[in-house]
Amino acid sequence: MKDIKESVKIETSHNEPMNKNQQNKSLAFQCVICGYIHMGATPPKSCPICGATDDEFEVYEQTMAMEEEKATQFRCLNCEYIHQGEEAPSLCPVCGLDSEHFEKVQQTAISDYVEPLEHIVIIGGGIAGVSAVETIREYMDTVKITFISGEERLPYYRLNLTRLLGAQIGEEELCIHPQYWYDDQRIQVFKKKIVTDISPSKKEITLNDHTHIHYDKLICTLGAHPFIPPIEGANLPHVISIRSIEDVHSLLEDVTKGQSVLVMGGGVLGIETAGALASKGYKVTIAEGSKWLMPRQLNEEAAAYVDKNLRKLGIDIVYNFITTQISTVVVASDGRQLEADSVILATGVRPNTYLARKAELEVNQGLVVDNYMQTSDEHIYAAGDITEHYGVVYGLWNIAKYQGRIAALNVLGKKVPFGGVPRSNALKVLDIDLFSIGNFTLVDASYTALSKESEDHYLLFVFKDQIIVGSIAIGYKHLTHKIKARIEAKQQFTSTQLNTIDSVLEVILNGGKA
Ligand SMILES: Cc1cc2nc3c(=O)[nH]c(=O)nc-3n(C[C@H](O)[C@H](O)[C@H](O)COP(=O)(O)OP(=O)(O)OC[C@H]3O[C@@H](n4cnc5c(N)ncnc54)[C@H](O)[C@@H]3O)c2cc1C
């Protein structure tokens, strides 16, 4: 906490003293869990959206960069540090290289140019779509905006469905903007309308009521759907997955306390769902196919801490459980059987690419976008869980929101790139202070790792060619924003700094300086 406040008073996001212009601007903080932006000199005590504590807030760098609209920027070619100013600094404050190693960056400044457009249509009422409409209105008052959602409700905080399930929040707290916000912004919202066709040649979409809507530019934010594994019994009525408010309601209606619930999948969603149900008195078992929990986000050592905490909540966990059949019992390939009155599938998501494929846009795992979030059709952009950006399908809230903004800026002709970001994860419904980011697997000899652990703490740093590329931190809440900043800045460490984990920590605590 103290660290964040101090860094705001004396530093910009990249550890440069603030210039007068920046000091006069109001400051902003972003919740690293849900992306909520809080305007003010200090972070809020807790996030009004996802309940994260003030330690989970970091200085909102994007706001600062945006506000410095016409500032010239220089990027350090070694560590990607961005310097604001009319010339490159004599030495990079992050990695120490001299001004020769800086290149001029122009594209991150938002230009004043706005493409003359009459009608922008956004399809898909999730966070990526909301972020896109917010951004368009921020920069262009006149263009007609039509926002189409397949859901009955106005867009809501989907990432908080597990908190709704655990009764930590009520349904009324889920809505992102009330109807009057859209009215004030002159955004025409269609709810409960399914897009059935996209015609790039006619620049038109079709709805399930056969309405045709013409667009100048289209932003596809159709999100993703739960992956239903091809297992016998996966479509039985007592087998459910959670993606919408309706899913939460039907789960709470169908499953009565005392019944056994089997959560298939020990990833973030499975763990959060299990935790929410256990806190309400359900008898929960997690069946994970791998050797440990959260295999995409944690190594075995870190996962053991999560296992311990879940068991304290009364949750049973079985590993290497490859489900082959579901009925009133769930059967694994090795013959093990688990009783389950209800089964919750938390086995990942798949991008909603059906319409894009039909429209013959380039689709791989997701709808393929370039750095400008543009699809293979020049008038169609995309953002959020539907997208695949240079082989990466993120499936994360923060990134969907950020991509929505970038897509909108590019629709307006502003040429702002999305450079990709390391994936980061934190748990929000369990009382486990866990953060993981980037790569933590030692792929080959160019990777090294340093770690330390105690009863309730675990810390791991992973380096590739001495550049920090990943971390897992349990019990180090105060450090997460600093670790994230160093990984995003691709900080390079010297051999001496890599001697011990404590010397690495010192550099991280000093904001990247040795
Ligand atoms: C229970 C739960 C917990 C989560 N927790 C976290 C977390 O802690 N951290 C994190 O980073 N992420 C979390 N996520 C993931 C996060 O919510 C998603 O990454 C994010 O919501 C993606 O936003 P989006 O706008 O791309 O897509 P979505 O939120 O999926 O929105 C897409 C919208 O498009 C609509 N749509 C689809 N097809 C059509 C059509 N043909 N016509 C009209 N509308 C259509 C859908 O109905 C939906 O409203 C969680 C997800 C769930 C379900």
# chains A, B, ... in the order shown; residues from 1 in each chain; ligands from 1
>>> select_by_dssp(residues="segment 274-410 of chain A", states="helix (DSSP H, G or I)", output="ChimeraX atom specification")
/A:274-279,300-312,354-358,384-386,397-410
>>> residues_near_ligand(ligand="ligand 1", cutoff="6 Å", atoms="only C-alpha atoms and all ligand atoms", output="ChimeraX atom specification")
/A:123-129,149-151,158-162,193-196,221-224,242-243,269,384-386,395-398,400
>>> closest_residue(among="A:Tyr394, A:Tyr354, A:Phe440, A:Phe227", to="Ser471 of chain A", atoms="only C-alpha atoms")
A:Phe440
>>> closest_residue(among="A:Tyr319, A:Trp292, A:Tyr381, A:Phe461", to="Ala332 of chain A", atoms="only C-alpha atoms")
A:Tyr319
>>> atom_distance(atom1="atom CA of Gly335 of chain A", atom2="atom CA of Val263 of chain A")
18.1 Å
>>> closest_atom_pairs(of="segment 270-295 of chain A", to="segment 422-439 of chain A", cutoff="10 Å", atoms="only C-alpha atoms", output="JSON lines")
{"residue": "A:Ile271", "atom": "CA", "partner": "A:Leu430", "partner_atom": "CA", "distance": 8.4}
{"residue": "A:Glu272", "atom": "CA", "partner": "A:Val429", "partner_atom": "CA", "distance": 5.9}
{"residue": "A:Thr273", "atom": "CA", "partner": "A:Val429", "partner_atom": "CA", "distance": 8.5}
{"residue": "A:Ala274", "atom": "CA", "partner": "A:Leu430", "partner_atom": "CA", "distance": 9.5}
{"residue": "A:Gly275", "atom": "CA", "partner": "A:Leu430", "partner_atom": "CA", "distance": 6.1}
{"residue": "A:Ala276", "atom": "CA", "partner": "A:Val429", "partner_atom": "CA", "distance": 6.7}
{"residue": "A:Ser279", "atom": "CA", "partner": "A:Leu430", "partner_atom": "CA", "distance": 9.2}
>>> closest_atom_pairs(of="segment 386-419 of chain A", to="segment 366-379 of chain A", cutoff="6 Å", atoms="only C-alpha atoms", output="JSON lines")
{"residue": "A:Ile386", "atom": "CA", "partner": "A:Gly366", "partner_atom": "CA", "distance": 5.6}
{"residue": "A:Thr387", "atom": "CA", "partner": "A:Leu367", "partner_atom": "CA", "distance": 4.6}
{"residue": "A:Glu388", "atom": "CA", "partner": "A:Gly366", "partner_atom": "CA", "distance": 4.6}
{"residue": "A:His389", "atom": "CA", "partner": "A:Val369", "partner_atom": "CA", "distance": 5.4}
{"residue": "A:Ala407", "atom": "CA", "partner": "A:Met373", "partner_atom": "CA", "distance": 5.2}
{"residue": "A:Pro417", "atom": "CA", "partner": "A:Tyr372", "partner_atom": "CA", "distance": 5.0}
{"residue": "A:Phe418", "atom": "CA", "partner": "A:Asn371", "partner_atom": "CA", "distance": 5.0}
>>> write_last_selection(atoms="C-alpha atoms", output="PDB file, in the first residue's frame")
ATOM      1  CA  ILE A 386     -13.216 -13.971 -29.521  1.00  0.00           C
ATOM      2  CA  THR A 387      -9.827 -12.852 -30.778  1.00  0.00           C
ATOM      3  CA  GLU A 388      -6.536 -14.496 -31.536  1.00  0.00           C
ATOM      4  CA  HIS A 389      -3.630 -12.085 -31.584  1.00  0.00           C
ATOM      5  CA  ALA A 407     -10.071  -1.601 -31.450  1.00  0.00           C
ATOM      6  CA  PRO A 417      -1.157  -0.739 -31.580  1.00  0.00           C
ATOM      7  CA  PHE A 418      -1.825  -3.568 -29.136  1.00  0.00           C
TER       8      PHE A 418
END
>>> closest_residue(among="A:Ile122, A:Ile148, A:Ile33, A:Leu252", to="Lys280 of chain A", atoms="only C-alpha atoms")
A:Leu252
>>> residues_around(residues="segment 442-450 of chain A", least_positions_apart="6", cutoff="10 Å", atoms="only C-alpha atoms", output="VMD selection string")
chain A and resid 459 to 471 498 to 502 504
>>> atom_distance(atom1="atom CA of Tyr139 of chain A", atom2="atom CA of Gln188 of chain A")
17.3 Å
>>> atom_distance(atom1="atom CA of His212 of chain A", atom2="atom CA of Gly404 of chain A")
23.8 Å
>>> closest_residue(among="A:Tyr458, A:Pro155, A:Glu339, A:Thr347", to="Glu173 of chain A", atoms="only C-alpha atoms")
A:Pro155
>>> select_by_dssp(residues="segment 78-244 of chain A", states="strand (DSSP E or B)", output="VMD selection string")
chain A and resid 82 to 84 91 98 102 to 105 119 to 123 144 to 148 156 175 187 to 190 195 to 199 204 to 207 212 to 214 217 to 220 224 to 226 232 239 to 240
>>> residues_around(residues="Glu288 of chain A", least_positions_apart="3", cutoff="6 Å", atoms="only C-alpha atoms", output="PDB file with N, CA and C atoms, in the first residue's frame")
ATOM      1  N   GLY A 265     -12.372 -29.723 -13.582  1.00  0.00           N
ATOM      2  CA  GLY A 265     -11.398 -28.721 -14.019  1.00  0.00           C
ATOM      3  C   GLY A 265     -10.911 -27.908 -12.834  1.00  0.00           C
ATOM      4  N   GLY A 266      -9.622 -27.970 -12.590  1.00  0.00           N
ATOM      5  CA  GLY A 266      -9.028 -27.234 -11.458  1.00  0.00           C
ATOM      6  C   GLY A 266      -8.249 -26.029 -11.923  1.00  0.00           C
ATOM      7  N   TYR A 319      -6.703 -35.832  -8.431  1.00  0.00           N
ATOM      8  CA  TYR A 319      -5.806 -35.469  -9.530  1.00  0.00           C
ATOM      9  C   TYR A 319      -5.710 -36.585 -10.567  1.00  0.00           C
ATOM     10  N   PHE A 321      -7.366 -37.119 -12.997  1.00  0.00           N
ATOM     11  CA  PHE A 321      -8.704 -37.694 -13.179  1.00  0.00           C
ATOM     12  C   PHE A 321      -9.185 -37.351 -14.588  1.00  0.00           C
TER      13      PHE A 321
END
